[in-house]
Every structure is written in structure tokens, then in C-alpha cells.
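Beneath this line is the structure, given in C-alpha cells, with notes to follow.
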Amino acid sequence: MIDTLLNPSFFWRAATHLGSWALLLPLFAGQFVALWSSQPAAARRWLVALGLTVSATAVSKCLFWGWGIGSAALDFTGISGHAMLATAILPVFLCVCMPAHAGRLRHWGTGLGLLLALGVGLSRVVLDAHSVSEVVAGWLAGLAVVAVTLRALDGAVRPARLAGLCTLAVLLVLGTATARKVSTHHLEIRLALKLSGRSTPFLREQLQAPEQMSRLGGVVPAACPAPCRPPAARPGTATRS
């Protein structure tokens with residue numbers, strides 16, 4: 001048990017799970033209701049900003065998987081959903097969890113949320129689920145949601161009566177084996193393939209192929225057949241979302 005806890009792989013997988021939509025959407029739903037009861041304008045902005053950002057993230061991934069639209073120079077194939085959700089939800093959640101008139105505690109809550117989101121993003125890179133540019137894009141998108149929401153907060157927020165319920169939801173989600181397997185990854189791929197008419201999604205190797213060809217004098221690397229099929233997940237890597 002101790003060896004498992006001290007294993008770096010366990011640490012990074014636990015960190016990446018904090019960005020899972022199966023964990024964060026229940027948190028968001030509970031805190032949204034609590035915030036709506038005292039400041040509906042701020043809650044409405046949080047919902048709209050998050051909805052737009054989630055949509056933009058899904059579109060960025062579908063554009064690559066279905067049409068190969070990305071950046072080889074930046075190694076960018078779509079916004080990191082884990083980094084975006086963690087940054088957009090955790091800082092606001094922890095800020096609103098603080099007692100009314102908490103003053104600096106609210107800033108500490110927001111800061112802790114941002115720190116956790118930073119860890120989630122780093123875990124995506126360490127686990128080889130995303131490139132640095134994709135994680136940075138997720139952080140920036142989430143920060144935009146946080147800025148819009150916190151700017152709308154007017155004075156004190158009533159104590160979040162659903163905060164305890166949200167915490168219970170977190171414990172339940174963290175304690176289930178199925179939560180770690182829940183991912184929108186395959187749904188997004190199926191949507192991209194249906195819209196583009198392709199039978200297989202574009203892969204990161206195909207995005208890099210033109211640069212590799214120029215370096216090799218026009219020779220296509222053998223590692224990039226067309227059409228490419230998604231490779232089996234390597235041991236120790238995380239599902240991309």
C-alpha cells in the first residue's frame with residue numbers, strides 16, 4: 001500500500017483524475033445551484049462561460065481528428081479538456097466554498113484551485129496524454145472562465161449549503177473504479193469521424209509527417225501509414241481528453 005502511494009505514476013494519475021469531467025461536473029452542478037441562490041448573475045456567467053469553453057475544446061479536438069487541423073510546429077492537436085475543466089471549475093468552487101465575508105480566505109481558495117489545476121495540467125504532460133501547448137491552451141481557456149465569473153461576484157456569497165453534498169459526491173466518484181474509466185474521448189472521436197466522413201481519426205504522427213518529410217528529403221516515415229489506425233494505449237499513459 002505504501003509503495004503504491006509513493007509510486008510517481010500513482011501520484012500523477014491521481015492528479016490527472018482531478019481534471020476528470022466525471023468528478024468536476026458534479027462539483028460544478030452543486031456549487032452552481034448554491035451560487036445561484038445568492039448571486040444568479042455570477043452563476044449565469046459561470047455557466048455560459050464554461051459552456052462556450054467546453055464547446056471550443058470539443059471543436060478543437062474534432063477539427064484535428066476529423067480533418068487533421070492542428071499545428072505541427074506547436075505540437076497542437078486540441079485543447080486539453082482536463083486542464084481546461086480543472087482551471088475553470090476548481091478555483092471558483094473553492095472560492096465560493098469559503099464562508100461569507102471570509103476576505104482573504106476567498107483569495108486563498110482561488111489560489112489553491114489554480115494550484116490544483118496546474119498540477120492537473122502537468123500530469124497530462126507527464127502521462128504523455130497532451131503536449132505542453134495543448135495544456136497551456138487549456139489553462140488559458142479555464143482562466144478566462146474564472147476571470148469572467150469572479151468579476152461578476154458582488155460582495156459576499158452566502159455559505160454554500162451544498163458544499164458538503166459536493167464533497168460527498170467527490171468522495172463517491174473518487175471511490176469508484178468506473179469513474180477512472182469514464183471519458184469523452186471516444187465520443188468525440190466518433191463525432192469527428194461522423195462529421196468528416198473518415199473511417200479512422202488523424203493521429204499526431206500524421207500532423208508531424210510534413211516536417212519529418214522535409215528533414216528526410218521527402219521520404220515518408222514508415223511509422224506513419226495512411227490511413228493510420230489509433231495505436232493501442234501504451235502502459236503508463238493516460239486517456240486523452
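By order of appearance in the C-alpha cells: chains A, B, ..., then residues from 1 within every chain, and ligands from 1 in the order shown.
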Env of Gly19 in chain A: 9 Å cut, atoms = only C-alpha atoms, seq-sep filter 3 positions within chain, self excluded. Answer as a list in words.
Ala15, Thr16, Ala22, Leu23, Leu24, Gly81, His82, Ala83, Met84, Leu85, Ala86, Thr87, Ala117, Val120 and Gly121 of chain A
Take the residues that were just selected and, keeping N, CA and C atoms, output them as a PDB file, in the first residue's frame.
ATOM      1  N   ALA A  15      -3.490  12.967  -9.739  1.00  0.00           N
ATOM      2  CA  ALA A  15      -3.573  14.379 -10.122  1.00  0.00           C
ATOM      3  C   ALA A  15      -4.405  14.554 -11.377  1.00  0.00           C
ATOM      4  N   THR A  16      -4.211  13.680 -12.354  1.00  0.00           N
ATOM      5  CA  THR A  16      -4.952  13.818 -13.610  1.00  0.00           C
ATOM      6  C   THR A  16      -6.430  13.544 -13.401  1.00  0.00           C
ATOM      7  N   ALA A  22     -16.067  13.495 -14.978  1.00  0.00           N
ATOM      8  CA  ALA A  22     -16.920  12.714 -14.077  1.00  0.00           C
ATOM      9  C   ALA A  22     -16.818  13.211 -12.648  1.00  0.00           C
ATOM     10  N   LEU A  23     -15.707  13.838 -12.308  1.00  0.00           N
ATOM     11  CA  LEU A  23     -15.510  14.406 -10.974  1.00  0.00           C
ATOM     12  C   LEU A  23     -15.944  15.868 -10.924  1.00  0.00           C
ATOM     13  N   LEU A  24     -15.578  16.630 -11.944  1.00  0.00           N
ATOM     14  CA  LEU A  24     -15.765  18.081 -11.887  1.00  0.00           C
ATOM     15  C   LEU A  24     -17.183  18.535 -12.216  1.00  0.00           C
ATOM     16  N   GLY A  81      -8.786  18.999 -22.322  1.00  0.00           N
ATOM     17  CA  GLY A  81     -10.033  19.110 -21.572  1.00  0.00           C
ATOM     18  C   GLY A  81      -9.831  19.035 -20.079  1.00  0.00           C
ATOM     19  N   HIS A  82      -8.898  18.181 -19.634  1.00  0.00           N
ATOM     20  CA  HIS A  82      -8.634  18.067 -18.206  1.00  0.00           C
ATOM     21  C   HIS A  82      -8.111  19.390 -17.637  1.00  0.00           C
ATOM     22  N   ALA A  83      -7.120  19.976 -18.326  1.00  0.00           N
ATOM     23  CA  ALA A  83      -6.546  21.237 -17.843  1.00  0.00           C
ATOM     24  C   ALA A  83      -7.581  22.349 -17.869  1.00  0.00           C
ATOM     25  N   MET A  84      -8.402  22.381 -18.905  1.00  0.00           N
ATOM     26  CA  MET A  84      -9.415  23.426 -19.028  1.00  0.00           C
ATOM     27  C   MET A  84     -10.473  23.309 -17.931  1.00  0.00           C
ATOM     28  N   LEU A  85     -11.010  22.103 -17.726  1.00  0.00           N
ATOM     29  CA  LEU A  85     -12.065  21.925 -16.725  1.00  0.00           C
ATOM     30  C   LEU A  85     -11.553  22.201 -15.315  1.00  0.00           C
ATOM     31  N   ALA A  86     -10.357  21.696 -15.010  1.00  0.00           N
ATOM     32  CA  ALA A  86      -9.800  21.915 -13.671  1.00  0.00           C
ATOM     33  C   ALA A  86      -9.600  23.400 -13.401  1.00  0.00           C
ATOM     34  N   THR A  87      -9.107  24.136 -14.398  1.00  0.00           N
ATOM     35  CA  THR A  87      -8.855  25.565 -14.207  1.00  0.00           C
ATOM     36  C   THR A  87     -10.150  26.360 -14.157  1.00  0.00           C
ATOM     37  N   ALA A 117      -5.180  23.007 -10.462  1.00  0.00           N
ATOM     38  CA  ALA A 117      -5.320  22.965 -11.917  1.00  0.00           C
ATOM     39  C   ALA A 117      -3.958  22.887 -12.595  1.00  0.00           C
ATOM     40  N   VAL A 120      -2.904  19.339 -12.422  1.00  0.00           N
ATOM     41  CA  VAL A 120      -3.633  18.528 -13.406  1.00  0.00           C
ATOM     42  C   VAL A 120      -2.988  18.662 -14.782  1.00  0.00           C
ATOM     43  N   GLY A 121      -2.695  19.901 -15.170  1.00  0.00           N
ATOM     44  CA  GLY A 121      -2.071  20.122 -16.468  1.00  0.00           C
ATOM     45  C   GLY A 121      -0.711  19.449 -16.585  1.00  0.00           C
TER      46      GLY A 121
END
Which residue gives the smallest distance to Ala49 in chain A among A:Ser133, A:Ser199, A:Thr77, A:Thr149, with only C-alpha atoms counted?
A:Thr149
Separation of CA of Val135 in chain A from CA of Ser80 in chain A in Å
5.2 Å
For Thr110 in chain A, list every protein, DNA or RNA residue within 8 Å, evaluated using only C-alpha atoms, and leave out those in the same chain fewer than 6 positions away; present the list as a list in words.
Leu90, Pro91, Val92, Leu94 and Cys95 of chain A
Selection near Trp67 in chain A, 10 Å with only C-alpha atoms, sequence-local residues under 3 positions removed, as a ChimeraX atom specification:
/A:61-64,70,192-193,195-198,201-202
